[in-house]
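Novice: Hey, dropping query03.csv in here, CSV, C-alpha atoms and all ligand atoms:
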```
chain,number,residue,atom,x,y,z
L,1,MET,CA,7.4,-6.7,-13.0
L,2,LEU,CA,9.0,-9.2,-10.7
L,3,ASP,CA,12.3,-8.9,-12.7
L,4,THR,CA,12.2,-5.1,-12.3
L,5,LEU,CA,11.6,-5.4,-8.6
L,6,ARG,CA,14.6,-7.7,-8.5
L,7,GLY,CA,16.7,-5.0,-10.1
L,8,ALA,CA,16.5,-5.7,-13.9
L,9,HIS,CA,16.2,-2.6,-16.0
L,10,GLN,CA,13.6,-2.7,-18.8
L,11,PRO,CA,13.2,-0.3,-21.7
L,12,VAL,CA,9.5,0.0,-21.1
L,13,PRO,CA,8.6,0.0,-17.4
L,14,PRO,CA,6.0,-2.4,-16.1
L,15,MET,CA,3.0,-0.7,-14.5
L,16,TRP,CA,0.1,-1.0,-12.0
L,17,LEU,CA,-1.9,1.6,-10.1
L,18,MET,CA,-2.4,1.8,-6.4
L,19,ARG,CA,-6.1,1.2,-5.5
L,20,GLN,CA,-6.6,-0.1,-9.0
L,21,ALA,CA,-9.3,-2.4,-7.7
L,22,GLY,CA,-12.1,-0.1,-6.4
L,23,ARG,CA,-14.7,2.5,-6.8
L,24,TYR,CA,-13.8,4.1,-10.2
L,25,LEU,CA,-14.8,0.8,-11.8
L,26,PRO,CA,-18.5,0.2,-12.4
L,27,GLU,CA,-18.0,-3.6,-12.1
L,28,TYR,CA,-16.6,-3.0,-8.6
L,29,ARG,CA,-19.5,-0.8,-7.5
L,30,ALA,CA,-22.0,-3.4,-8.8
L,31,LEU,CA,-20.4,-6.2,-6.8
L,32,ARG,CA,-20.2,-4.1,-3.7
L,33,ALA,CA,-23.9,-3.2,-3.9
L,34,GLU,CA,-24.7,-6.9,-4.3
L,35,LYS,CA,-22.6,-8.1,-1.4
L,36,GLY,CA,-23.6,-5.2,1.0
L,37,GLY,CA,-20.4,-3.3,1.6
L,38,PHE,CA,-16.6,-3.1,1.5
L,39,LEU,CA,-15.8,-5.5,4.5
L,40,ALA,CA,-18.3,-8.0,3.2
L,41,LEU,CA,-16.4,-8.0,-0.1
L,42,VAL,CA,-13.0,-8.4,1.7
L,43,ASN,CA,-14.3,-11.4,3.7
L,44,ASP,CA,-15.9,-13.1,0.7
L,45,SER,CA,-12.9,-14.7,-0.9
L,46,ALA,CA,-14.6,-15.4,-4.3
L,47,ALA,CA,-15.8,-11.8,-4.5
L,48,ALA,CA,-12.4,-10.4,-3.4
L,49,ALA,CA,-10.6,-12.6,-6.0
L,50,GLU,CA,-13.0,-11.3,-8.7
L,51,ILE,CA,-12.3,-7.7,-7.7
L,52,THR,CA,-8.5,-8.3,-7.7
L,53,LEU,CA,-8.8,-9.5,-11.3
L,54,GLN,CA,-11.2,-6.8,-12.6
L,55,PRO,CA,-8.5,-4.2,-13.4
L,56,ILE,CA,-6.3,-6.9,-14.9
L,57,ARG,CA,-9.0,-7.8,-17.4
L,58,ARG,CA,-9.7,-4.2,-18.3
L,59,PHE,CA,-6.2,-2.8,-18.5
L,60,ALA,CA,-3.8,-5.8,-18.6
L,61,PHE,CA,-1.6,-4.3,-15.8
L,62,ASP,CA,1.7,-6.0,-15.1
L,63,GLY,CA,0.8,-6.3,-11.4
L,64,ALA,CA,-2.4,-7.5,-9.6
L,65,ILE,CA,-2.8,-6.3,-6.0
L,66,LEU,CA,-4.7,-8.4,-3.5
L,67,PHE,CA,-8.1,-6.8,-2.7
L,68,SER,CA,-8.1,-6.4,1.0
L,69,ASP,CA,-7.2,-3.6,3.5
L,70,ILE,CA,-4.4,-2.5,5.8
L,71,LEU,CA,-6.9,-2.6,8.7
L,72,ILE,CA,-7.2,-6.4,8.8
L,73,VAL,CA,-4.2,-6.5,11.1
L,74,PRO,CA,-5.9,-4.4,13.9
L,75,MET,CA,-8.8,-6.8,13.5
L,76,ALA,CA,-6.5,-9.8,14.0
L,77,LEU,CA,-5.0,-8.0,17.1
L,78,GLY,CA,-8.5,-7.8,18.7
L,79,GLN,CA,-10.0,-4.4,17.7
L,80,LYS,CA,-13.4,-4.1,16.1
L,81,LEU,CA,-13.4,-2.7,12.6
L,82,TRP,CA,-16.3,-1.3,10.6
L,83,PHE,CA,-16.8,1.2,7.8
L,84,GLU,CA,-19.1,4.2,8.1
L,85,THR,CA,-20.7,4.8,4.7
L,86,GLY,CA,-19.2,7.8,3.0
L,87,GLU,CA,-16.8,8.4,5.8
L,88,GLY,CA,-14.3,5.6,6.3
L,89,PRO,CA,-12.9,3.1,8.8
L,90,ARG,CA,-13.8,3.0,12.5
L,91,LEU,CA,-11.8,1.0,15.1
L,92,ALA,CA,-12.8,0.4,18.7
L,93,PRO,CA,-11.8,0.6,21.4
L,94,LYS,CA,-9.2,3.3,20.8
L,95,ILE,CA,-5.8,2.6,22.3
L,96,ASP,CA,-5.0,5.3,24.9
L,97,ALA,CA,-3.7,3.1,27.7
L,98,ARG,CA,-1.7,0.0,28.3
L,99,ALA,CA,-4.8,-1.7,29.9
L,100,VAL,CA,-6.7,-1.3,26.6
L,101,LEU,CA,-3.9,-3.0,24.6
L,102,ASP,CA,-3.6,-5.7,27.2
L,103,GLY,CA,-7.3,-6.3,27.0
L,104,PHE,CA,-7.1,-7.3,23.3
L,105,VAL,CA,-7.3,-11.0,22.4
L,106,PRO,CA,-5.4,-11.6,19.2
L,107,ASP,CA,-7.0,-14.0,16.7
L,108,SER,CA,-5.4,-14.8,13.4
L,109,ALA,CA,-8.7,-16.2,12.1
L,110,ALA,CA,-9.2,-12.8,10.5
L,111,PHE,CA,-6.5,-13.7,8.0
L,112,ALA,CA,-8.1,-16.9,6.8
L,113,PRO,CA,-10.5,-15.4,4.2
L,114,ILE,CA,-7.6,-13.3,2.8
L,115,TYR,CA,-5.4,-16.3,2.3
L,116,GLU,CA,-8.2,-18.0,0.5
L,117,THR,CA,-8.5,-15.0,-1.8
L,118,VAL,CA,-4.8,-15.2,-2.5
L,119,ARG,CA,-5.1,-18.9,-3.4
L,120,LEU,CA,-8.0,-18.2,-5.8
L,121,VAL,CA,-6.3,-15.3,-7.5
L,122,SER,CA,-3.0,-17.2,-7.7
L,123,ALA,CA,-4.7,-20.0,-9.6
L,124,ALA,CA,-6.5,-17.6,-12.0
L,125,LEU,CA,-3.6,-15.2,-12.8
L,126,ALA,CA,-1.5,-15.5,-16.0
L,127,PRO,CA,2.1,-16.2,-15.1
L,128,GLU,CA,3.4,-12.9,-16.6
L,129,THR,CA,1.2,-10.9,-14.2
L,130,THR,CA,3.0,-10.3,-10.8
L,131,PHE,CA,0.8,-10.9,-7.8
L,132,LEU,CA,1.3,-8.4,-5.0
L,133,GLY,CA,0.4,-8.8,-1.4
L,134,PHE,CA,0.5,-6.0,1.1
L,135,ALA,CA,0.2,-4.8,4.6
L,136,GLY,CA,0.2,-1.4,6.3
L,137,SER,CA,3.4,-0.3,8.0
L,138,PRO,CA,3.3,-0.3,11.8
L,139,TRP,CA,3.2,3.5,12.3
L,140,THR,CA,0.3,4.0,9.8
L,141,VAL,CA,-1.6,1.1,11.3
L,142,ALA,CA,-0.9,2.4,14.8
L,143,THR,CA,-2.3,5.8,13.9
L,144,TYR,CA,-5.7,4.3,13.0
L,145,MET,CA,-5.6,2.0,16.1
L,146,ILE,CA,-5.0,5.0,18.4
L,147,ASN,CA,-7.3,7.5,16.8
L,148,GLY,CA,-10.1,5.0,16.1
L,149,GLN,CA,-10.4,6.4,12.6
L,150,GLY,CA,-8.5,8.4,9.9
L,151,SER,CA,-7.4,11.9,10.8
L,152,ARG,CA,-5.5,14.5,8.9
L,153,GLU,CA,-2.8,15.4,11.4
L,154,GLN,CA,-2.3,12.1,13.3
L,155,ALA,CA,-2.3,14.3,16.4
L,156,GLU,CA,-3.3,11.6,18.9
L,157,ALA,CA,-0.7,9.1,17.7
L,158,ARG,CA,2.1,11.6,17.4
L,159,ARG,CA,1.3,12.9,20.9
L,160,LEU,CA,1.3,9.3,22.4
L,161,ALA,CA,4.6,8.6,20.8
L,162,TYR,CA,6.1,11.3,23.0
L,163,THR,CA,4.0,11.1,26.1
L,164,ASP,CA,4.0,7.3,26.4
L,165,PRO,CA,6.7,5.8,24.1
L,166,ALA,CA,6.6,2.5,26.1
L,167,LEU,CA,3.0,2.0,25.1
L,168,MET,CA,3.7,3.0,21.5
L,169,GLU,CA,6.6,0.6,21.4
L,170,ALA,CA,4.3,-2.2,22.8
L,171,LEU,CA,1.7,-1.5,20.2
L,172,VAL,CA,4.3,-1.3,17.4
L,173,ASP,CA,5.8,-4.6,18.6
L,174,ARG,CA,2.4,-6.3,18.3
L,175,ILE,CA,1.8,-4.9,14.9
L,176,VAL,CA,5.2,-5.9,13.7
L,177,ALA,CA,4.7,-9.5,14.8
L,178,SER,CA,1.2,-9.8,13.3
L,179,THR,CA,2.3,-8.2,10.1
L,180,ILE,CA,5.2,-10.6,9.7
L,181,GLU,CA,2.8,-13.5,10.2
L,182,TYR,CA,0.3,-12.0,7.8
L,183,LEU,CA,2.7,-11.4,5.0
L,184,LEU,CA,4.3,-14.8,5.4
L,185,GLY,CA,0.8,-16.2,5.2
L,186,GLN,CA,0.1,-14.3,2.0
L,187,ILE,CA,3.4,-15.4,0.5
L,188,ALA,CA,2.7,-19.1,1.4
L,189,ALA,CA,-0.7,-18.8,-0.3
L,190,GLY,CA,0.8,-17.4,-3.5
L,191,VAL,CA,1.7,-13.7,-3.6
L,192,GLU,CA,5.0,-13.0,-5.3
L,193,ALA,CA,6.0,-9.6,-3.9
L,194,VAL,CA,4.7,-7.4,-1.1
L,195,GLN,CA,4.2,-3.7,-0.5
L,196,LEU,CA,4.4,-2.0,2.9
L,197,PHE,CA,2.0,1.0,2.9
L,198,ASP,CA,3.2,3.7,5.3
L,199,SER,CA,0.6,6.3,4.3
L,200,TRP,CA,1.3,8.6,7.3
L,201,ALA,CA,5.1,8.4,7.3
L,202,GLY,CA,5.2,12.0,6.3
L,203,SER,CA,3.7,13.2,9.6
L,204,LEU,CA,6.9,12.6,11.7
L,205,SER,CA,10.0,14.6,12.7
L,206,PRO,CA,13.3,13.0,11.6
L,207,ALA,CA,14.1,11.4,14.9
L,208,GLN,CA,10.5,10.0,15.3
L,209,PHE,CA,10.7,8.9,11.7
L,210,GLU,CA,13.8,6.8,12.5
L,211,ARG,CA,12.1,5.2,15.5
L,212,TRP,CA,8.5,4.6,14.2
L,213,VAL,CA,9.0,4.3,10.4
L,214,ILE,CA,12.5,3.1,9.6
L,215,ALA,CA,13.1,0.7,12.6
L,216,PRO,CA,9.8,-1.2,12.5
L,217,ASN,CA,9.8,-1.5,8.7
L,218,ALA,CA,13.4,-2.8,8.9
L,219,ARG,CA,12.3,-5.5,11.4
L,220,ILE,CA,9.6,-6.7,9.0
L,221,VAL,CA,12.0,-6.7,6.0
L,222,ALA,CA,14.6,-8.6,8.0
L,223,ALA,CA,12.1,-11.3,9.0
L,224,LEU,CA,10.9,-11.7,5.4
L,225,ARG,CA,14.5,-11.9,4.2
L,226,GLU,CA,15.2,-14.7,6.6
L,227,HIS,CA,12.2,-16.8,5.7
L,228,VAL,CA,11.5,-15.8,2.0
L,229,PRO,CA,14.6,-14.2,0.6
L,230,HIS,CA,13.3,-14.5,-3.0
L,231,VAL,CA,10.2,-12.3,-2.4
L,232,PRO,CA,10.8,-8.6,-3.2
L,233,VAL,CA,9.5,-5.9,-0.7
L,234,ILE,CA,8.3,-2.5,-1.9
L,235,GLY,CA,8.4,0.1,0.8
L,236,PHE,CA,6.1,3.1,0.3
L,237,PRO,CA,6.7,5.8,2.9
L,238,LYS,CA,4.2,8.4,1.7
L,239,GLY,CA,5.2,12.0,2.4
L,240,ALA,CA,8.8,11.0,3.5
L,241,GLY,CA,10.3,13.6,1.1
L,242,GLY,CA,13.9,14.3,2.1
L,243,LYS,CA,13.9,11.3,4.4
L,244,LEU,CA,13.4,8.9,1.4
L,245,PRO,CA,17.1,8.2,0.9
L,246,ALA,CA,17.6,7.2,4.5
L,247,TYR,CA,14.5,5.1,4.4
L,248,ALA,CA,15.8,3.3,1.2
L,249,ARG,CA,19.2,2.7,2.7
L,250,GLU,CA,18.2,1.7,6.2
L,251,THR,CA,15.0,-0.4,6.0
L,252,GLY,CA,16.4,-3.0,3.6
L,253,VAL,CA,13.5,-2.8,1.2
L,254,ASP,CA,14.2,-4.0,-2.4
L,255,ALA,CA,12.2,-1.1,-4.0
L,256,VAL,CA,10.9,2.2,-2.9
L,257,GLY,CA,7.6,3.8,-3.7
L,258,VAL,CA,7.7,7.5,-4.3
L,259,ASP,CA,4.7,9.8,-3.9
L,260,GLU,CA,3.7,12.6,-6.3
L,261,THR,CA,5.1,15.5,-4.2
L,262,VAL,CA,8.7,14.2,-4.9
L,263,ASP,CA,10.6,15.5,-7.9
L,264,PRO,CA,11.4,12.4,-9.9
L,265,GLU,CA,14.8,13.9,-11.0
L,266,TRP,CA,15.7,14.4,-7.4
L,267,ALA,CA,14.6,10.9,-6.5
L,268,HIS,CA,16.7,9.4,-9.2
L,269,ALA,CA,19.7,11.5,-8.1
L,270,SER,CA,19.2,10.8,-4.4
L,271,LEU,CA,18.2,7.1,-4.1
L,272,PRO,CA,20.8,4.3,-4.1
L,273,ALA,CA,22.0,3.6,-7.7
L,274,GLY,CA,20.2,0.6,-9.3
L,275,MET,CA,17.5,0.5,-6.7
L,276,PRO,CA,14.1,0.0,-8.3
L,277,VAL,CA,11.6,2.9,-7.8
L,278,GLN,CA,7.9,2.9,-8.1
L,279,GLY,CA,5.8,5.9,-8.9
L,280,ASN,CA,4.9,8.7,-9.1
L,281,LEU,CA,2.2,10.2,-11.2
L,282,ASP,CA,-0.1,12.7,-9.5
L,283,PRO,CA,-3.6,11.0,-9.3
L,284,LEU,CA,-5.0,14.4,-10.3
L,285,ALA,CA,-3.1,14.4,-13.6
L,286,LEU,CA,-4.8,11.1,-14.3
L,287,ILE,CA,-8.2,12.8,-13.7
L,288,ALA,CA,-7.2,15.7,-15.9
L,289,GLY,CA,-6.2,13.4,-18.8
L,290,GLY,CA,-5.0,14.7,-22.2
L,291,GLU,CA,-1.8,16.7,-22.5
L,292,ALA,CA,-1.5,17.3,-18.8
L,293,LEU,CA,-1.5,13.6,-18.2
L,294,ILE,CA,1.0,12.9,-21.1
L,295,SER,CA,3.5,15.5,-20.1
L,296,ALA,CA,3.4,14.5,-16.4
L,297,ALA,CA,3.9,10.8,-17.4
L,298,ASP,CA,6.8,11.7,-19.7
L,299,ARG,CA,8.6,13.6,-17.0
L,300,ILE,CA,8.5,10.5,-14.8
L,301,LEU,CA,9.5,8.1,-17.6
L,302,SER,CA,12.5,10.2,-18.6
L,303,ALA,CA,13.7,10.8,-15.0
L,304,PHE,CA,13.7,7.0,-14.3
L,305,ALA,CA,14.8,5.9,-17.7
L,306,ASP,CA,18.2,4.7,-16.5
L,307,ARG,CA,17.1,2.6,-13.5
L,308,PRO,CA,14.6,-0.2,-12.7
L,309,HIS,CA,11.2,1.5,-12.6
L,310,VAL,CA,7.7,0.4,-12.0
L,311,PHE,CA,5.3,3.0,-13.3
L,312,ASN,CA,2.5,3.8,-10.8
L,313,LEU,CA,0.7,6.7,-9.3
L,314,GLY,CA,2.1,8.6,-6.3
L,315,HIS,CA,-1.0,7.6,-4.3
L,316,GLY,CA,-4.2,5.7,-4.8
L,317,ILE,CA,-6.4,6.3,-7.9
L,318,LEU,CA,-9.3,8.6,-7.1
L,319,GLN,CA,-12.9,7.5,-7.4
L,320,ASP,CA,-13.9,10.0,-10.1
L,321,THR,CA,-11.0,9.0,-12.5
L,322,PRO,CA,-12.4,8.4,-16.0
L,323,ILE,CA,-11.7,5.0,-17.3
L,324,ALA,CA,-10.7,6.4,-20.7
L,325,HIS,CA,-7.8,8.3,-19.0
L,326,VAL,CA,-6.5,5.1,-17.5
L,327,GLU,CA,-6.6,3.6,-21.0
L,328,GLN,CA,-4.8,6.6,-22.3
L,329,LEU,CA,-2.1,6.3,-19.7
L,330,VAL,CA,-1.6,2.5,-20.2
L,331,ALA,CA,-1.2,3.0,-24.0
L,332,HIS,CA,1.3,5.8,-23.5
L,333,VAL,CA,3.5,4.0,-20.9
L,334,ARG,CA,3.4,0.8,-23.1
L,335,LYS,CA,4.8,2.7,-26.0
L,336,GLY,CA,7.6,4.1,-23.8
L,337,GLY,CA,6.2,7.7,-23.7
L,338,ARG,CA,6.8,10.3,-26.3
W,401,LIG,C1,-4.7,4.1,4.8
W,401,LIG,C2,-5.1,2.9,4.0
W,401,LIG,C3,-6.3,2.1,4.2
W,401,LIG,N1,-6.3,1.1,3.3
W,401,LIG,C4,-5.1,1.2,2.5
W,401,LIG,C5,-4.4,2.2,3.0
W,401,LIG,C6,-3.0,2.6,2.5
W,401,LIG,C7,-2.9,3.3,1.2
W,401,LIG,C8,-3.5,4.6,1.2
W,401,LIG,O1,-3.0,5.5,1.9
W,401,LIG,O2,-4.5,4.8,0.4
W,401,LIG,C9,-4.6,0.2,1.5
W,401,LIG,C10,-5.6,-0.4,0.6
W,401,LIG,N2,-7.0,-0.3,0.6
W,401,LIG,C11,-7.5,-1.1,-0.4
W,401,LIG,C12,-6.5,-1.8,-1.0
W,401,LIG,C13,-6.7,-2.8,-2.1
W,401,LIG,C14,-5.8,-3.0,-3.2
W,401,LIG,C15,-5.7,-1.9,-4.2
W,401,LIG,O3,-6.5,-1.9,-5.2
W,401,LIG,O4,-4.8,-1.1,-4.1
W,401,LIG,C16,-5.3,-1.3,-0.4
W,401,LIG,C17,-3.8,-1.7,-0.8
W,401,LIG,C18,-8.9,-1.3,-0.7
W,401,LIG,C19,-9.9,-0.3,-0.2
W,401,LIG,N3,-10.0,0.2,1.1
W,401,LIG,C20,-11.1,1.1,1.2
W,401,LIG,C21,-11.7,1.1,-0.1
W,401,LIG,C22,-13.0,1.8,-0.4
W,401,LIG,C23,-14.2,1.0,0.1
W,401,LIG,C24,-15.5,1.4,-0.6
W,401,LIG,O5,-16.1,2.4,-0.3
W,401,LIG,O6,-15.8,0.6,-1.5
W,401,LIG,C25,-11.0,0.2,-0.9
W,401,LIG,C26,-11.3,-0.1,-2.3
W,401,LIG,C27,-11.5,1.8,2.4
W,401,LIG,C28,-10.5,2.4,3.3
W,401,LIG,N4,-9.4,1.8,3.8
W,401,LIG,C29,-8.7,2.7,4.5
W,401,LIG,C30,-9.3,3.9,4.5
W,401,LIG,C31,-8.8,5.2,5.1
W,401,LIG,C32,-10.5,3.8,3.7
W,401,LIG,C33,-11.6,4.8,3.5
W,401,LIG,C34,-11.2,5.8,2.6
W,401,LIG,C35,-11.4,5.4,1.2
W,401,LIG,O7,-12.5,4.9,1.0
W,401,LIG,O8,-10.5,5.6,0.4
W,401,LIG,C36,-7.4,2.4,5.2
```
What would you get if you wrote out this structure as C-alpha cells?

Specialist:
Amino acid sequence: MLDTLRGAHQPVPPMWLMRQAGRYLPEYRALRAEKGGFLALVNDSAAAAEITLQPIRRFAFDGAILFSDILIVPMALGQKLWFETGEGPRLAPKIDARAVLDGFVPDSAAFAPIYETVRLVSAALAPETTFLGFAGSPWTVATYMINGQGSREQAEARRLAYTDPALMEALVDRIVASTIEYLLGQIAAGVEAVQLFDSWAGSLSPAQFERWVIAPNARIVAALREHVPHVPVIGFPKGAGGKLPAYARETGVDAVGVDETVDPEWAHASLPAGMPVQGNLDPLALIAGGEALISAADRILSAFADRPHVFNLGHGILQDTPIAHVEQLVAHVRKGGR
C-alpha cells in the first residue's frame, strides 16, 4: 500500500476500510464494555493497539489505521471532550468569541497515550502492512469545536466563518499548528503514512472551500513535506464533489480520498494523471452484500484500473455491516474483481 501511495500502479489494488476498527466487530464491543467506553479505550494504549490490530487479524487488510479520534486535537487545545452514549461527541466550552479561544490552555499531554499506541502497534505489525496515522482537517475539527457537537448542516461554523473570519482564522491557525505537531509525533512514533479527514468539506461554497479547506490543508502538507518528505499524505475532503480536482492540485497531498457520491469514471478523468486515489465503495453496498456489492466494487476497480488505487469505502464502515460481507469484498478485490 505504501508503494501505491507513492505512485506505483499495482494490478490488484491494496485495500483497507475507513473505521475498520470499531463497532461492527464483536471483539471491539467486548473490549469497549470491559474498559468502560470509547475514550477510555483511546487513552488505554494497550487496548487501542489491540483494537487497531483486530481488523488486520480478521481480514489481513493492507493498511492498519491507528485507533483514536480526530477530536484529540481539541482536547490538546484545551477543550473538554466526552461522548454521550448513543449520541456522539461533546466539546465544551463552545467557541463563539475570541475570549473563549484565548481562555484555552493548550496541553500536548493529550497526545502521549496515542504516541504510545503507535509504538505498540508499530512493534507488532508485519512489515507488509502499512501503518496509517491520521488527524482531522482544520475545518472539520473547527466545526465540532464551534458547535460543541456534531450537526448536519455545520450552520454555526459556516456562519462564524462569515461573521467573524478573524476568529475563525485564529482558531484554524491553532488547529493547524497542533495538527502538525500531532502528525509529526505519530510519524516519529512509527506511522508510515497519514490521512487528513475533512468530513465536512462538502458544506462550503467554492470561495469558503478555498479558504477553510484548501489553504489550511496545504499548510499542513507543506510542513510535513519539509520535515518528513518520505511520508505520503492522503487527503479526504468528503463531499467536495466538483471541487476535488482543485483540492488535489492545490493542497499538495500525495493521494486523494473520494467519497461514494463521486462517479469513479469522472474522478479518474478529472484528477491529475498518475495521482493515487482511494475509495470509493458505498458503505451501504457493503451492508447489502451479494451481487449489489460485487457490481459496485467492479465499477470502481475498472474505473481506477489504470492508476494507483487504494480500494476503500467512500466513508466509514457502518455498525450493522455483516462480517461475512467484508470477507466477500476482501476475497473479490484480492482476485482483482470479475
Ligand atoms: C468526524 C469524525 C470523528 N472521528 C473521525 C471522524 C472523521 C471520519 C468520519 O467522518 O467518520 C475519525 C475516526 N474515528 C475513529 C477512527 C479510528 C480509526 C478507524 O478505524 O478508522 C477514525 C479515523 C474511531 C471512532 N470514533 C468514534 C467511534 C465510535 C465509538 C463507540 O461508540 O464505540 C469510533 C470507533 C466516535 C465518534 N468520533 C467522531 C464522531 C462524530 C463520533 C460519534 C459518531 C460515531 O459513533 O460514529 C468524530

Novice: Which polymer residues have any atom within 8 Å of an atom of Ala46 (chain L), counting only C-alpha atoms, with same-chain residues fewer than 2 positions away left out, as a PDB file with C-alpha atoms, in the coordinates of the input?

Specialist:
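Output (around-v9.pdb):
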```pdb
ATOM      1  CA  ASP L  44     -15.900 -13.100   0.700  1.00  0.00           C
ATOM      2  CA  ALA L  48     -12.400 -10.400  -3.400  1.00  0.00           C
ATOM      3  CA  ALA L  49     -10.600 -12.600  -6.000  1.00  0.00           C
ATOM      4  CA  GLU L  50     -13.000 -11.300  -8.700  1.00  0.00           C
ATOM      5  CA  THR L 117      -8.500 -15.000  -1.800  1.00  0.00           C
ATOM      6  CA  LEU L 120      -8.000 -18.200  -5.800  1.00  0.00           C
TER       7      LEU L 120
END
```

Novice: With only C-alpha atoms and all ligand atoms counted, collect every polymer residue having an atom within 9 Å of ligand LIG 401 (chain W); state the result as a PDB file with C-alpha atoms, keeping the file's coordinate frame.

Specialist:
```
ATOM      1  CA  LEU L  17      -1.900   1.600 -10.100  1.00  0.00           C
ATOM      2  CA  MET L  18      -2.400   1.800  -6.400  1.00  0.00           C
ATOM      3  CA  ARG L  19      -6.100   1.200  -5.500  1.00  0.00           C
ATOM      4  CA  GLN L  20      -6.600  -0.100  -9.000  1.00  0.00           C
ATOM      5  CA  ALA L  21      -9.300  -2.400  -7.700  1.00  0.00           C
ATOM      6  CA  GLY L  22     -12.100  -0.100  -6.400  1.00  0.00           C
ATOM      7  CA  ARG L  23     -14.700   2.500  -6.800  1.00  0.00           C
ATOM      8  CA  TYR L  28     -16.600  -3.000  -8.600  1.00  0.00           C
ATOM      9  CA  ARG L  29     -19.500  -0.800  -7.500  1.00  0.00           C
ATOM     10  CA  ARG L  32     -20.200  -4.100  -3.700  1.00  0.00           C
ATOM     11  CA  GLY L  37     -20.400  -3.300   1.600  1.00  0.00           C
ATOM     12  CA  PHE L  38     -16.600  -3.100   1.500  1.00  0.00           C
ATOM     13  CA  LEU L  39     -15.800  -5.500   4.500  1.00  0.00           C
ATOM     14  CA  LEU L  41     -16.400  -8.000  -0.100  1.00  0.00           C
ATOM     15  CA  VAL L  42     -13.000  -8.400   1.700  1.00  0.00           C
ATOM     16  CA  ILE L  51     -12.300  -7.700  -7.700  1.00  0.00           C
ATOM     17  CA  THR L  52      -8.500  -8.300  -7.700  1.00  0.00           C
ATOM     18  CA  PRO L  55      -8.500  -4.200 -13.400  1.00  0.00           C
ATOM     19  CA  ALA L  64      -2.400  -7.500  -9.600  1.00  0.00           C
ATOM     20  CA  ILE L  65      -2.800  -6.300  -6.000  1.00  0.00           C
ATOM     21  CA  LEU L  66      -4.700  -8.400  -3.500  1.00  0.00           C
ATOM     22  CA  PHE L  67      -8.100  -6.800  -2.700  1.00  0.00           C
ATOM     23  CA  SER L  68      -8.100  -6.400   1.000  1.00  0.00           C
ATOM     24  CA  ASP L  69      -7.200  -3.600   3.500  1.00  0.00           C
ATOM     25  CA  ILE L  70      -4.400  -2.500   5.800  1.00  0.00           C
ATOM     26  CA  LEU L  71      -6.900  -2.600   8.700  1.00  0.00           C
ATOM     27  CA  PHE L  83     -16.800   1.200   7.800  1.00  0.00           C
ATOM     28  CA  GLU L  84     -19.100   4.200   8.100  1.00  0.00           C
ATOM     29  CA  THR L  85     -20.700   4.800   4.700  1.00  0.00           C
ATOM     30  CA  GLY L  86     -19.200   7.800   3.000  1.00  0.00           C
ATOM     31  CA  GLU L  87     -16.800   8.400   5.800  1.00  0.00           C
ATOM     32  CA  GLY L  88     -14.300   5.600   6.300  1.00  0.00           C
ATOM     33  CA  PRO L  89     -12.900   3.100   8.800  1.00  0.00           C
ATOM     34  CA  GLY L 133       0.400  -8.800  -1.400  1.00  0.00           C
ATOM     35  CA  PHE L 134       0.500  -6.000   1.100  1.00  0.00           C
ATOM     36  CA  ALA L 135       0.200  -4.800   4.600  1.00  0.00           C
ATOM     37  CA  GLY L 136       0.200  -1.400   6.300  1.00  0.00           C
ATOM     38  CA  SER L 137       3.400  -0.300   8.000  1.00  0.00           C
ATOM     39  CA  THR L 140       0.300   4.000   9.800  1.00  0.00           C
ATOM     40  CA  VAL L 141      -1.600   1.100  11.300  1.00  0.00           C
ATOM     41  CA  TYR L 144      -5.700   4.300  13.000  1.00  0.00           C
ATOM     42  CA  GLN L 149     -10.400   6.400  12.600  1.00  0.00           C
ATOM     43  CA  GLY L 150      -8.500   8.400   9.900  1.00  0.00           C
ATOM     44  CA  SER L 151      -7.400  11.900  10.800  1.00  0.00           C
ATOM     45  CA  GLN L 195       4.200  -3.700  -0.500  1.00  0.00           C
ATOM     46  CA  LEU L 196       4.400  -2.000   2.900  1.00  0.00           C
ATOM     47  CA  PHE L 197       2.000   1.000   2.900  1.00  0.00           C
ATOM     48  CA  ASP L 198       3.200   3.700   5.300  1.00  0.00           C
ATOM     49  CA  SER L 199       0.600   6.300   4.300  1.00  0.00           C
ATOM     50  CA  TRP L 200       1.300   8.600   7.300  1.00  0.00           C
ATOM     51  CA  LYS L 238       4.200   8.400   1.700  1.00  0.00           C
ATOM     52  CA  HIS L 315      -1.000   7.600  -4.300  1.00  0.00           C
ATOM     53  CA  GLY L 316      -4.200   5.700  -4.800  1.00  0.00           C
ATOM     54  CA  ILE L 317      -6.400   6.300  -7.900  1.00  0.00           C
ATOM     55  CA  LEU L 318      -9.300   8.600  -7.100  1.00  0.00           C
ATOM     56  CA  GLN L 319     -12.900   7.500  -7.400  1.00  0.00           C
TER      57      GLN L 319
END
```

Novice: Which residue, L:Val105, L:Leu293, L:Ala170, L:Ile220, has the smallest gap to Val253 (chain L) when you use all atoms listed in the file?

Specialist: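 Using all atoms listed in the file, Val253 (chain L) sits closest to L:Ile220.
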
Novice: Which residues are near Phe59 (chain L)? Cut-off 12 Å, all atoms listed in the file, ignore same chain within fewer than 2 positions. Put them as a list in words.

Specialist: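 Result of the neighbour search: Met15, Trp16, Leu17, Gln20, Ala21, Leu25, Leu53, Gln54, Pro55, Ile56, Arg57, Phe61, Asp62, Gly63, Ala64, Thr129, Ile323, Ala324, His325, Val326, Glu327, Gln328, Leu329, Val330, Ala331 and Arg334 of chain L.
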
Novice: Tell me which of L:Ile294, L:Val73, L:Ala33, L:Val258 sits closest to Ile180 (chain L), counting only C-alpha atoms.

Specialist: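 Selected residue with least distance to Ile180 (chain L): L:Val73.
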